[in-house]
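Enquirer: Structure supplied as structure01.txt; contents: compact mmCIF, C-alpha atoms.
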```
# COMPACT_ATOMS: atom_id res chain seq x y z
CA MET A 1 0.00 0.00 0.00
CA ASN A 2 1.41 3.43 -0.93
CA HIS A 3 1.12 6.47 1.26
CA ARG A 4 -1.68 8.06 -0.77
CA GLU A 5 -3.80 4.94 -0.30
CA GLU A 6 -2.96 4.98 3.40
CA TRP A 7 -4.14 8.57 3.82
CA ALA A 8 -7.37 7.71 1.99
CA ARG A 9 -7.94 4.70 4.27
CA ARG A 10 -7.58 6.91 7.35
CA ARG A 11 -10.01 9.49 5.97
CA ARG A 12 -12.58 6.81 5.24
CA ALA A 13 -12.29 5.57 8.82
CA LEU A 14 -12.76 9.12 10.13
CA LEU A 15 -15.81 9.73 7.93
CA ARG A 16 -17.41 6.52 9.22
CA GLU A 17 -16.84 7.59 12.82
CA MET A 18 -18.31 11.04 12.21
CA GLY A 19 -21.54 9.85 10.60
CA ARG A 20 -23.92 11.86 8.44
CA ASP A 21 -25.05 15.45 9.07
CA ALA A 22 -21.56 16.32 10.30
CA ILE A 23 -18.51 18.26 9.18
CA ALA A 24 -14.91 18.25 10.39
CA ILE A 25 -12.63 21.26 10.08
CA LEU A 26 -8.89 20.74 10.53
CA PRO A 27 -6.44 23.62 10.05
CA GLY A 28 -2.83 22.73 9.37
CA ALA A 29 0.20 24.36 10.93
CA GLU A 30 1.30 27.89 10.09
CA GLU A 31 4.81 28.99 9.31
CA LYS A 32 6.59 30.31 12.42
CA PHE A 33 9.37 32.86 12.40
CA ARG A 34 12.61 32.43 14.31
CA ASN A 35 13.71 36.04 13.90
CA ARG A 36 12.81 38.81 11.48
CA ASP A 37 12.80 37.24 7.99
CA VAL A 38 14.02 33.79 9.04
CA SER A 39 11.42 31.10 9.64
CA TYR A 40 11.79 27.87 11.56
CA ARG A 41 11.91 24.74 9.43
CA PHE A 42 8.27 23.96 8.78
CA ARG A 43 6.74 20.89 10.36
CA GLN A 44 3.11 20.07 9.60
CA SER A 45 0.78 19.45 12.55
CA SER A 46 0.61 15.72 13.21
CA ASP A 47 -3.18 15.28 12.94
CA PHE A 48 -3.21 17.14 9.63
CA LEU A 49 -0.26 15.11 8.33
CA TYR A 50 -1.93 11.87 9.44
CA LEU A 51 -5.08 12.52 7.42
CA THR A 52 -3.72 14.36 4.38
CA GLY A 53 0.04 13.88 3.97
CA PHE A 54 0.08 17.54 2.92
CA GLU A 55 3.21 19.33 4.11
CA GLU A 56 2.69 22.97 3.15
CA PRO A 57 1.83 25.67 5.71
CA GLY A 58 -1.45 27.53 5.93
CA ALA A 59 -3.75 24.77 4.65
CA VAL A 60 -7.19 23.71 5.92
CA ALA A 61 -8.84 20.30 5.41
CA VAL A 62 -12.61 19.87 5.53
CA PHE A 63 -14.40 16.52 5.72
CA VAL A 64 -18.12 16.15 4.99
CA PRO A 65 -19.44 12.56 5.16
CA GLY A 66 -21.88 11.69 2.39
CA ARG A 67 -21.47 14.93 0.44
CA SER A 68 -22.13 14.01 -3.18
CA GLU A 69 -19.93 16.81 -4.57
CA GLY A 70 -16.95 15.54 -2.58
CA GLU A 71 -16.30 14.48 1.01
CA TYR A 72 -12.70 15.72 1.31
CA LEU A 73 -11.90 19.34 0.50
CA LEU A 74 -8.43 20.84 0.80
CA PHE A 75 -7.86 24.59 0.94
CA CYS A 76 -4.23 25.62 0.33
CA ASN A 77 -2.01 28.33 -1.08
CA PRO A 78 -2.38 28.67 -4.87
CA ARG A 79 0.42 28.24 -7.38
CA ASP A 80 2.40 31.47 -7.72
CA ARG A 81 5.39 31.50 -10.03
CA GLU A 82 7.02 34.53 -8.43
CA ARG A 83 6.57 33.27 -4.85
CA GLU A 84 7.71 29.78 -5.79
CA THR A 85 10.96 31.27 -7.14
CA TRP A 86 11.71 32.36 -3.58
CA ILE A 87 10.19 29.63 -1.40
CA GLY A 88 9.90 26.54 -3.57
CA ARG A 89 7.15 24.67 -5.38
CA ARG A 90 3.56 24.57 -4.16
CA ALA A 91 0.99 21.91 -4.97
CA GLY A 92 -1.84 24.39 -5.37
CA PRO A 93 -5.51 23.35 -5.52
CA GLU A 94 -4.80 21.24 -8.59
CA GLY A 95 -2.04 19.33 -6.82
CA ALA A 96 -4.26 18.90 -3.78
CA VAL A 97 -6.47 16.72 -5.98
CA GLU A 98 -3.89 15.10 -8.25
CA GLN A 99 -1.12 14.45 -5.72
CA TYR A 100 -2.91 14.23 -2.36
CA GLY A 101 -6.27 12.70 -3.22
CA ALA A 102 -8.60 15.56 -2.29
CA ASP A 103 -12.03 15.41 -3.93
CA LEU A 104 -11.91 19.16 -4.42
CA GLY A 105 -9.09 21.69 -4.09
CA PHE A 106 -9.55 25.38 -3.33
CA SER A 107 -7.36 28.41 -2.83
CA ILE A 108 -7.10 29.28 0.85
CA ALA A 109 -8.48 32.71 -0.08
CA GLN A 110 -11.83 31.01 -0.83
CA LEU A 111 -12.21 29.58 2.67
CA ASP A 112 -14.43 32.32 4.17
CA ALA A 113 -16.72 32.25 1.16
CA GLU A 114 -17.06 28.45 0.98
CA MET A 115 -17.39 27.51 4.64
CA PRO A 116 -20.85 29.00 5.31
CA ARG A 117 -22.20 27.01 2.35
CA LEU A 118 -20.55 23.83 3.65
CA LEU A 119 -21.87 24.39 7.18
CA GLU A 120 -25.46 25.06 6.11
CA GLY A 121 -27.75 22.22 7.16
CA VAL A 122 -25.03 20.41 9.12
CA ASP A 123 -25.93 19.37 12.67
CA ARG A 124 -22.50 18.69 14.22
CA ILE A 125 -19.10 20.35 13.80
CA PHE A 126 -16.03 18.31 14.65
CA TYR A 127 -13.42 20.94 15.48
CA THR A 128 -10.95 21.27 18.33
CA MET A 129 -11.20 24.64 20.06
CA GLY A 130 -8.37 26.28 21.96
CA GLN A 131 -5.40 25.49 19.71
CA ASN A 132 -5.60 28.45 17.34
CA GLU A 133 -7.47 31.42 18.77
CA ALA A 134 -7.65 33.32 15.50
CA PHE A 135 -9.07 30.31 13.67
CA ASP A 136 -11.51 29.65 16.53
CA HIS A 137 -12.98 33.10 15.92
CA ARG A 138 -13.34 32.40 12.20
CA VAL A 139 -15.29 29.20 12.88
CA ILE A 140 -17.53 30.98 15.37
CA ASP A 141 -18.12 33.81 12.88
CA TRP A 142 -19.17 31.31 10.18
CA VAL A 143 -21.68 29.69 12.53
CA ASN A 144 -23.00 32.97 13.88
CA GLY A 145 -23.47 34.22 10.34
CA LEU A 146 -25.71 31.23 9.63
CA ARG A 147 -27.63 31.64 12.89
CA ALA A 148 -28.38 35.25 12.00
CA ARG A 149 -30.22 33.94 8.92
CA VAL A 150 -32.41 31.47 10.80
CA ARG A 151 -35.63 33.36 9.84
CA SER A 152 -34.75 32.69 6.22
CA GLY A 153 -34.95 28.98 6.90
CA ILE A 154 -31.20 28.48 7.13
CA ALA A 155 -30.25 25.62 9.46
CA SER A 156 -27.01 26.02 11.34
CA PRO A 157 -24.91 23.56 13.37
CA GLU A 158 -26.06 23.03 16.94
CA THR A 159 -23.22 20.95 18.39
CA PHE A 160 -19.45 21.36 18.58
CA ILE A 161 -17.42 18.17 19.16
CA SER A 162 -13.66 18.04 19.58
CA LEU A 163 -12.06 16.28 16.62
CA GLU A 164 -9.01 15.20 18.62
CA PRO A 165 -10.44 12.14 20.43
CA LEU A 166 -11.49 10.52 17.15
CA VAL A 167 -8.19 11.14 15.37
CA HIS A 168 -6.01 10.39 18.37
CA GLU A 169 -7.62 7.02 19.00
CA MET A 170 -6.99 6.17 15.34
CA ARG A 171 -3.37 7.29 15.59
CA LEU A 172 -2.75 5.10 18.65
CA PHE A 173 -2.99 1.93 16.54
CA LYS A 174 -0.27 1.80 13.92
CA SER A 175 -0.86 0.29 10.49
CA LYS A 176 1.68 -1.75 8.52
CA VAL A 177 2.67 1.40 6.63
CA GLU A 178 3.27 3.30 9.87
CA ILE A 179 5.20 0.45 11.48
CA ALA A 180 7.46 0.22 8.43
CA GLU A 181 8.20 3.95 8.73
CA MET A 182 8.91 3.60 12.45
CA ARG A 183 11.26 0.70 11.78
CA ARG A 184 13.17 2.94 9.39
CA ALA A 185 13.34 5.74 11.97
CA ALA A 186 14.61 3.21 14.51
CA ARG A 187 17.20 1.85 12.09
CA VAL A 188 18.60 5.30 11.31
CA SER A 189 18.60 6.26 15.01
CA VAL A 190 20.44 3.06 15.92
CA ALA A 191 23.06 3.93 13.30
CA ALA A 192 23.51 7.37 14.89
CA HIS A 193 24.09 5.87 18.36
CA ARG A 194 26.56 3.37 16.89
CA ARG A 195 28.41 6.24 15.25
CA VAL A 196 28.80 7.91 18.64
CA LEU A 197 29.84 4.64 20.26
CA ARG A 198 32.74 4.36 17.80
CA MET A 199 33.99 7.95 18.11
CA LEU A 200 33.42 8.75 21.78
CA ALA A 201 36.54 9.72 23.75
CA PRO A 202 37.68 12.15 26.45
CA GLY A 203 38.40 15.63 25.14
CA LEU A 204 35.40 15.86 22.86
CA HIS A 205 32.53 18.16 23.63
CA GLU A 206 28.87 17.29 23.95
CA TYR A 207 28.22 19.25 20.76
CA ASP A 208 30.64 16.98 18.89
CA VAL A 209 28.37 14.09 19.81
CA ALA A 210 25.24 15.99 18.78
CA ALA A 211 26.86 16.83 15.44
CA GLU A 212 27.64 13.17 14.73
CA VAL A 213 24.03 12.25 15.49
CA LEU A 214 22.66 14.96 13.20
CA HIS A 215 25.07 13.91 10.44
CA GLU A 216 23.75 10.35 10.51
CA PHE A 217 20.15 11.55 10.48
CA MET A 218 20.61 13.95 7.59
CA ARG A 219 22.58 11.55 5.42
CA ALA A 220 19.55 9.25 5.62
CA GLY A 221 17.16 12.05 4.64
CA CYS A 222 15.77 12.34 8.17
CA GLU A 223 15.76 15.03 10.82
CA GLU A 224 15.70 15.19 14.59
CA ALA A 225 12.43 14.09 16.16
CA TYR A 226 13.41 16.20 19.19
CA GLY A 227 16.43 18.09 20.45
CA THR A 228 19.30 15.66 21.05
CA ILE A 229 20.31 15.21 24.68
CA ALA A 230 24.05 14.62 24.96
CA GLY A 231 24.66 14.97 28.69
CA GLY A 232 28.13 14.22 29.97
CA GLY A 233 29.01 13.74 33.63
CA VAL A 234 26.62 15.49 36.00
CA ASN A 235 24.59 16.78 33.02
CA ALA A 236 23.23 13.25 32.67
CA CYS A 237 21.22 13.99 35.82
CA ILE A 238 19.30 16.76 34.02
CA LEU A 239 16.39 14.97 32.37
CA HIS A 240 15.85 17.32 29.42
CA TYR A 241 19.37 18.68 29.07
CA THR A 242 19.90 20.13 25.57
CA GLN A 243 22.63 22.75 26.03
CA ASN A 244 25.21 20.21 24.79
CA SER A 245 28.21 22.49 25.35
CA ASP A 246 30.40 20.89 28.03
CA LEU A 247 33.68 19.01 27.73
CA LEU A 248 33.49 15.22 28.00
CA LYS A 249 36.07 14.15 30.56
CA ASP A 250 37.84 10.90 31.38
CA GLY A 251 35.66 9.01 33.86
CA ASP A 252 32.39 10.64 32.73
CA LEU A 253 29.33 8.86 31.49
CA LEU A 254 27.54 10.21 28.42
CA LEU A 255 23.75 9.95 28.43
CA LEU A 256 22.68 10.13 24.80
CA ASP A 257 18.96 10.52 24.09
CA ALA A 258 18.50 10.92 20.33
CA GLY A 259 15.98 9.83 17.72
CA CYS A 260 15.18 10.79 14.17
CA GLU A 261 11.92 11.38 12.34
CA SER A 262 11.17 9.53 9.10
CA ARG A 263 8.21 10.91 7.10
CA GLY A 264 6.93 12.34 10.36
CA TYR A 265 7.34 9.15 12.44
CA ALA A 266 9.69 9.26 15.41
CA ALA A 267 12.18 6.98 17.05
CA ASP A 268 13.29 7.64 20.64
CA ILE A 269 16.43 5.94 21.95
CA THR A 270 18.59 6.50 25.01
CA ARG A 271 21.89 4.85 25.80
CA THR A 272 24.49 5.63 28.45
CA PHE A 273 28.13 5.17 27.42
CA PRO A 274 31.37 5.53 29.42
CA VAL A 275 33.38 8.29 27.75
CA ASN A 276 36.72 6.47 28.21
CA GLY A 277 35.34 3.09 27.15
CA ARG A 278 35.14 1.52 30.61
CA PHE A 279 32.49 1.77 33.33
CA SER A 280 33.73 2.39 36.85
CA PRO A 281 32.50 -0.17 39.43
CA GLU A 282 29.90 2.30 40.70
CA GLN A 283 28.78 3.29 37.22
CA ARG A 284 28.39 -0.34 36.19
CA ALA A 285 26.48 -1.18 39.36
CA VAL A 286 23.95 1.58 38.71
CA TYR A 287 23.81 0.76 35.00
CA ASP A 288 23.06 -2.90 35.65
CA VAL A 289 20.13 -1.98 37.91
CA VAL A 290 18.61 0.23 35.21
CA LEU A 291 19.15 -2.44 32.56
CA ALA A 292 17.51 -5.11 34.71
CA ALA A 293 14.57 -2.79 35.30
CA GLN A 294 14.18 -2.14 31.60
CA GLN A 295 14.35 -5.82 30.70
CA GLU A 296 11.71 -6.64 33.31
CA ALA A 297 9.49 -3.86 31.98
CA ILE A 298 9.80 -4.90 28.35
CA ALA A 299 8.76 -8.42 29.34
CA THR A 300 5.41 -6.97 30.52
CA CYS A 301 4.73 -5.23 27.19
CA ARG A 302 2.18 -7.76 25.99
CA ARG A 303 -1.39 -7.53 24.83
CA GLY A 304 -3.83 -7.74 27.69
CA ARG A 305 -1.41 -6.26 30.22
CA HIS A 306 -2.20 -2.74 31.32
CA TRP A 307 -0.29 0.45 30.54
CA ASN A 308 1.13 0.93 34.04
CA GLU A 309 2.63 -2.54 34.44
CA PRO A 310 5.97 -1.67 32.79
CA TYR A 311 6.31 1.28 35.17
CA GLU A 312 5.43 -0.87 38.18
CA ALA A 313 8.11 -3.36 37.10
CA THR A 314 10.77 -0.63 36.87
CA VAL A 315 9.83 0.75 40.29
CA ARG A 316 10.14 -2.67 41.88
CA VAL A 317 13.51 -3.53 40.30
CA ILE A 318 15.02 -0.08 40.79
CA THR A 319 13.96 0.11 44.43
CA GLN A 320 15.46 -3.32 45.09
CA GLY A 321 18.66 -2.25 43.35
CA LEU A 322 18.94 1.01 45.24
CA VAL A 323 18.61 -0.90 48.52
CA ARG A 324 21.24 -3.39 47.42
CA LEU A 325 23.61 -0.52 46.58
CA GLY A 326 22.97 1.13 49.95
CA LEU A 327 21.36 4.21 48.38
CA LEU A 328 17.99 3.50 50.00
CA ARG A 329 17.42 1.86 53.37
CA GLY A 330 14.38 -0.02 54.61
CA PRO A 331 11.94 -2.71 53.48
CA VAL A 332 11.39 -2.58 49.71
CA ARG A 333 7.60 -2.73 50.03
CA GLU A 334 7.54 0.26 52.38
CA LEU A 335 9.96 2.23 50.22
CA ILE A 336 7.72 1.66 47.20
CA ARG A 337 4.62 2.60 49.18
CA ASP A 338 6.31 5.82 50.33
CA ARG A 339 7.67 6.50 46.81
CA ALA A 340 11.17 6.86 48.21
CA TYR A 341 12.62 5.87 44.82
CA GLU A 342 11.36 9.14 43.29
CA GLU A 343 14.40 10.95 44.67
CA PHE A 344 16.46 9.02 42.12
CA TYR A 345 13.84 7.89 39.57
CA MET A 346 11.36 10.71 39.13
CA HIS A 347 9.74 10.05 35.75
CA ARG A 348 7.44 7.48 34.22
CA ALA A 349 8.73 4.42 32.39
CA GLY A 350 7.64 5.51 28.93
CA HIS A 351 5.09 7.08 26.60
CA TRP A 352 3.26 6.40 23.35
CA LEU A 353 5.36 6.87 20.22
CA GLY A 354 4.36 7.75 16.67
CA LEU A 355 3.95 10.97 14.69
CA ASP A 356 4.73 12.79 17.93
CA VAL A 357 7.59 11.71 20.16
CA HIS A 358 5.20 11.87 23.09
CA ASP A 359 2.42 10.56 20.93
CA VAL A 360 -1.32 10.94 21.37
CA GLY A 361 -3.71 8.39 22.86
CA SER A 362 -5.40 7.94 26.22
CA TYR A 363 -3.51 6.15 28.97
CA LYS A 364 -6.67 5.48 30.96
CA ILE A 365 -10.22 4.52 29.98
CA ASP A 366 -13.03 5.14 32.45
CA GLY A 367 -10.46 5.77 35.17
CA HIS A 368 -8.58 2.51 34.62
CA TRP A 369 -5.20 1.96 32.96
CA ARG A 370 -5.92 0.83 29.42
CA GLU A 371 -4.85 -2.58 28.21
CA LEU A 372 -2.04 -2.87 25.70
CA GLU A 373 -3.18 -4.00 22.26
CA PRO A 374 -1.42 -5.00 19.02
CA GLY A 375 -0.39 -1.99 16.95
CA MET A 376 0.45 0.25 19.90
CA VAL A 377 4.04 1.51 20.12
CA LEU A 378 5.56 2.75 23.37
CA THR A 379 8.94 3.56 24.82
CA VAL A 380 10.44 1.84 27.85
CA GLU A 381 12.96 4.14 29.56
CA PRO A 382 13.80 3.68 33.24
CA GLY A 383 16.63 5.68 34.76
CA ILE A 384 18.55 6.46 37.93
CA TYR A 385 19.90 9.97 38.57
CA LEU A 386 22.25 10.49 41.52
CA ARG A 387 22.60 14.22 41.56
CA PRO A 388 25.79 15.77 42.95
CA GLY A 389 25.62 17.36 46.37
CA ASN A 390 23.24 14.79 47.82
CA ARG A 391 24.90 14.07 51.17
CA ARG A 392 22.68 11.07 51.81
CA ILE A 393 24.53 9.03 49.20
CA PRO A 394 28.26 8.17 49.07
CA LYS A 395 30.45 10.60 47.16
CA ARG A 396 31.57 7.91 44.73
CA PHE A 397 27.99 7.58 43.42
CA GLN A 398 27.24 11.29 43.13
CA GLY A 399 26.90 12.65 39.60
CA ILE A 400 26.02 9.32 37.99
CA GLY A 401 23.04 9.48 35.62
CA VAL A 402 21.86 6.46 33.65
CA ARG A 403 18.87 5.99 31.35
CA ILE A 404 18.20 3.20 28.86
CA GLU A 405 15.36 3.55 26.36
CA ASP A 406 13.97 1.40 23.56
CA ASP A 407 10.91 1.51 21.31
CA VAL A 408 8.50 -1.41 21.65
CA LEU A 409 5.68 -2.54 19.35
CA ILE A 410 2.88 -4.51 20.95
CA THR A 411 2.07 -7.61 18.89
CA ARG A 412 -0.14 -10.67 19.25
CA LYS A 413 2.85 -12.53 20.67
CA ASP A 414 6.14 -11.27 22.11
CA PRO A 415 7.01 -7.58 22.33
CA ASP A 416 8.81 -6.40 19.20
CA VAL A 417 11.69 -4.11 20.22
CA LEU A 418 12.18 -1.92 17.16
CA THR A 419 15.54 -0.67 18.47
CA ARG A 420 16.84 -4.10 19.52
CA PRO A 421 19.97 -4.03 17.25
CA LEU A 422 21.62 -1.36 19.41
CA VAL A 423 23.84 -2.86 22.12
CA LYS A 424 22.98 -2.12 25.72
CA SER A 425 24.66 -4.54 28.12
CA ALA A 426 27.69 -3.00 29.84
CA ASP A 427 30.00 -5.67 28.39
CA ASP A 428 28.71 -5.17 24.84
CA ILE A 429 29.05 -1.40 25.11
CA GLU A 430 32.63 -1.65 26.30
CA GLN A 431 33.41 -4.17 23.56
CA GLY A 432 31.80 -1.94 20.94
CA MET A 433 33.83 1.06 22.05
CA HIS A 434 37.03 -0.97 22.11
CA VAL A 435 36.43 -2.27 18.56
CA GLY A 436 35.54 1.22 17.35
CA ARG A 437 38.92 2.52 18.51
CA ALA A 438 40.97 -0.41 17.23
```
Using C-alpha cells, write down the structure that the file contains.

Expert:
Amino acid sequence: MNHREEWARRRRALLREMGRDAIAILPGAEEKFRNRDVSYRFRQSSDFLYLTGFEEPGAVAVFVPGRSEGEYLLFCNPRDRERETWIGRRAGPEGAVEQYGADLGFSIAQLDAEMPRLLEGVDRIFYTMGQNEAFDHRVIDWVNGLRARVRSGIASPETFISLEPLVHEMRLFKSKVEIAEMRRAARVSVAAHRRVLRMLAPGLHEYDVAAEVLHEFMRAGCEEAYGTIAGGGVNACILHYTQNSDLLKDGDLLLLDAGCESRGYAADITRTFPVNGRFSPEQRAVYDVVLAAQQEAIATCRRGRHWNEPYEATVRVITQGLVRLGLLRGPVRELIRDRAYEEFYMHRAGHWLGLDVHDVGSYKIDGHWRELEPGMVLTVEPGIYLRPGNRRIPKRFQGIGVRIEDDVLITRKDPDVLTRPLVKSADDIEQGMHVGRA
C-alpha cells in the first residue's frame, strides 16, 4: 500500500466515525518565524499530516461525510510562479487533488466564502477549540453568520465536538505502513548511536556528539524528532538537558537521548556510554540496575497487560537495586509505598510513540489503565539519577546518571523491540567502544 492509499484509508475511517449530518474542520500548521525574515523549518501538525500527507503551511482540510460533490476538501495556497521562485514549489488546488487525493481543491483565499455554504444544514461540527485562537474566531463567525439567517430557513450547526479524540484514538494503533516507517526511523537512530559509540573519547565536547548524530540523520534524509540530549558527567542527571556544550572528561558517562523522524514518524532511543570506554564499578552497578529494570518492563509489554505494568516493574527492580547498593534503606515494600525511589527515579517508564515523540492516545479509559493491544508503540525508559551534592549518598555515586530507552511494538505474541539491534549490556558497550577505537 502506498502512502496516498494509506491517507485515503484513514479518511474513510474518520468519515465513518463522524456519521452523516456532520462536518470536520482541521487547520494545518502555520509557518513560524525564528527572527525577522528567518522562519523555523516547517513541520506540519501531526493530525493534519496523518489525514492528508500535505506538508505545506497555511492549509485547511474539511471533511463532509456523504457529500455528493466531494467528502474531502483541501484549501491551500495557490500556485504562484514569483513566490515559488523564492520559497519553492507549491501543490496548489490542482495538486491537492492530483497528488494528495482531495475530492476538491480550493485556494485558501476562498475559505471564508465556501465555509458558510458547507456548514449550512449540518448538525454537528467536529473541530478542536483552543489550539488556534484566531481560527476559533473564524469558525464561530461562520456559525453565527448562519444563525443570523435562521428566519430565512437556514439551518445552522447546533453541536461542537472536539475532533481530537477521534483522530487520536486512530493514531494510537499503527498500520503496517506506519510500522514500516517507524522501523526505518529506529534503524537510522540506531546507526547514529553506533556512530557515537565508535567515536566517543575524552576531550570531545557534547556538541561533537550531537553533530555526529545529526550527520547520521541527515545523510539518511531524516531530521531530529526532538532536540538531542548529549549529557556528559553530572549533566546526565538533568532529564531534558539540551545545552550540549560541556567538555566530556575521562571518567564521565555520556547519556545520549536521540531519535530521528522519518516521514513524520519518530524513534526515541537512550543509551548511556562511558566516555573512556570503561564503566567504573559504581557506574556499572547503577547501570546494571537500570538495565535489569528495563528488561523486566519490556517483558510486561504484551497484549492484555495494562499500561502501568511496565512502570510498576521498573519501580520494583530499581527500588530493590537502590537498597542493594545502599542508596535506600528499609523494606522494599515500604519504600515503594512511600515513593522513596522518586528521589532518584522521578519520571514514568515511557510514553506512546508515533507521529509525535510523546504521541497521542489515552492512557486510561473510564479511570482505569488501558490494556495494551497490538499496533500500539511505546517507549520503555527507566533511569537512575544520583545528583551531585546529595549528602545522603556516598560521594563515589554522586553525579552518575543512567537511562536506557527502547521503542516497543505490541504484537499478538512477544514484544517487538524496534531498536533491539543497538547494544545495551555493559559488556557489549565496552566491547563496541574498544572495537571502534581499534

Enquirer: When you count only C-alpha atoms, which of these residues is closest to Gly53 of chain A: A:Gly153, A:Gly130, A:Gly28, A:Gly389?

Expert: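 Counting only C-alpha atoms, the residue closest to Gly53 of chain A is A:Gly28.
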
Enquirer: Quick one: of A:Glu5, A:Asp123, A:Asp37, A:Glu312, who's nearest to Ala22 of chain A, counting all atoms listed in the file?

Expert: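 Residue with the minimum atom-to-atom distance to Ala22 of chain A: A:Asp123.
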
Enquirer: With all atoms listed in the file as the counted atoms, please give the residues lying no more than 8 Å from Glu381 of chain A, apart from itself and same-chain residues fewer than 3 positions off, as a ChimeraX atom specification.

Expert: /A:270,294,348-350,403-406

Enquirer: With C-alpha atoms kept, could you save the residues just selected as a compact mmCIF listing (two decimals), in the frame of the given file?

Expert:
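Result written to selection.txt:
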```txt
# COMPACT_ATOMS: atom_id res chain seq x y z
CA THR A 270 18.59 6.50 25.01
CA GLN A 294 14.18 -2.14 31.60
CA ARG A 348 7.44 7.48 34.22
CA ALA A 349 8.73 4.42 32.39
CA GLY A 350 7.64 5.51 28.93
CA ARG A 403 18.87 5.99 31.35
CA ILE A 404 18.20 3.20 28.86
CA GLU A 405 15.36 3.55 26.36
CA ASP A 406 13.97 1.40 23.56
```

Enquirer: Please indicate the distance in Å from atom CA of Val190 of chain A to atom CA of Leu422 of chain A, rounded to one decimal place.

Expert: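 That distance, rounded to one decimal, is 5.8 Å.
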
Enquirer: Just the residues within 12 Å of Leu146 of chain A, please, counting only C-alpha atoms, with nothing from its chain fewer than 6 positions along; format it as a PyMOL selection string.

Expert: chain A and resi 115-122+139-140+152-158

Enquirer: Which is closest to Leu248 of chain A among A:Thr411, A:Asn235, A:Ser280, A:Gln320, if we use only C-alpha atoms?

Expert: A:Asn235

Enquirer: Return the padded bounding box of segment 130-136 of chain A as AutoDock Vina command-line options: axis-aligned, built from all atoms listed in the file, 8 Å added on each side, with centre and edge lengths in Å to one decimal.

Expert:
```
--center_x -8.5 --center_y 29.4 --center_z 17.8 --size_x 22.1 --size_y 23.8 --size_z 24.3
```

Enquirer: For each of A:Ala267, A:Cys76, A:Leu104, A:Ala313, take the minimum atom-to-atom distance to Ala91 of chain A, counting only C-alpha atoms, then give the residue where this is smallest.

Expert: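 Counting only C-alpha atoms, the residue closest to Ala91 of chain A is A:Cys76.
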
Enquirer: Under the rule that all atoms listed in the file are counted, which of A:Gly233, A:Pro78, A:Gly70, A:Gly321 is the nearest residue to Glu94 of chain A?

Expert: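 Closest to Glu94 of chain A of all the choices is A:Pro78.
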
Enquirer: What is the distance between atom CA of Arg124 of chain A and atom CA of Val64 of chain A, in Å to one decimal?

Expert: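 Calculated distance between atom CA of Arg124 of chain A and atom CA of Val64 of chain A is 10.5 Å.
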
Enquirer: Using atom CA of Arg396 of chain A and atom CA of Leu328 of chain A as the two end points, give the distance in Å to one decimal.

Expert: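 For atom CA of Arg396 of chain A relative to atom CA of Leu328 of chain A, the distance reads 15.2 Å.
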
Enquirer: Which is closest to Asp21 of chain A among A:Leu325, A:Val97, A:Ile125, A:Ala8, if we use all atoms listed in the file?

Expert: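 Among A:Leu325, A:Val97, A:Ile125, A:Ala8, it is A:Ile125 that comes nearest to Asp21 of chain A.
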
Enquirer: May I have the residues within 12 Å of Pro331 of chain A as a list in words, using only C-alpha atoms and disregarding those fewer than 6 positions away in the same chain?

Expert: Arg316, Thr319, Gln320, Leu322, Val323, Arg324, Arg337, Asp338 and Ala340 of chain A

Enquirer: Please rebuild segment 7-18 of chain A with N, CA and C atoms and give the result as a compact mmCIF listing (two decimals), in the frame of the given file.

Expert:
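Written file, rebuild37.txt:
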```
# COMPACT_ATOMS: atom_id res chain seq x y z
N TRP A 7 -3.41 7.37 3.38
CA TRP A 7 -4.14 8.57 3.82
C TRP A 7 -5.62 8.44 3.52
N ALA A 8 -5.96 7.88 2.36
CA ALA A 8 -7.37 7.71 1.99
C ALA A 8 -8.05 6.73 2.95
N ARG A 9 -7.36 5.67 3.33
CA ARG A 9 -7.94 4.70 4.27
C ARG A 9 -8.26 5.37 5.60
N ARG A 10 -7.35 6.21 6.08
CA ARG A 10 -7.58 6.91 7.35
C ARG A 10 -8.77 7.85 7.26
N ARG A 11 -8.88 8.56 6.13
CA ARG A 11 -10.01 9.49 5.97
C ARG A 11 -11.33 8.73 5.93
N ARG A 12 -11.34 7.60 5.27
CA ARG A 12 -12.58 6.81 5.24
C ARG A 12 -12.98 6.38 6.64
N ALA A 13 -11.99 5.98 7.44
CA ALA A 13 -12.29 5.57 8.82
C ALA A 13 -12.84 6.74 9.62
N LEU A 14 -12.27 7.93 9.42
CA LEU A 14 -12.76 9.12 10.13
C LEU A 14 -14.19 9.44 9.71
N LEU A 15 -14.47 9.41 8.42
CA LEU A 15 -15.81 9.73 7.93
C LEU A 15 -16.84 8.77 8.50
N ARG A 16 -16.49 7.49 8.62
CA ARG A 16 -17.41 6.52 9.22
C ARG A 16 -17.70 6.87 10.68
N GLU A 17 -16.66 7.25 11.41
CA GLU A 17 -16.84 7.59 12.82
C GLU A 17 -17.68 8.84 13.01
N MET A 18 -17.55 9.79 12.10
CA MET A 18 -18.31 11.04 12.21
C MET A 18 -19.79 10.83 11.96
```
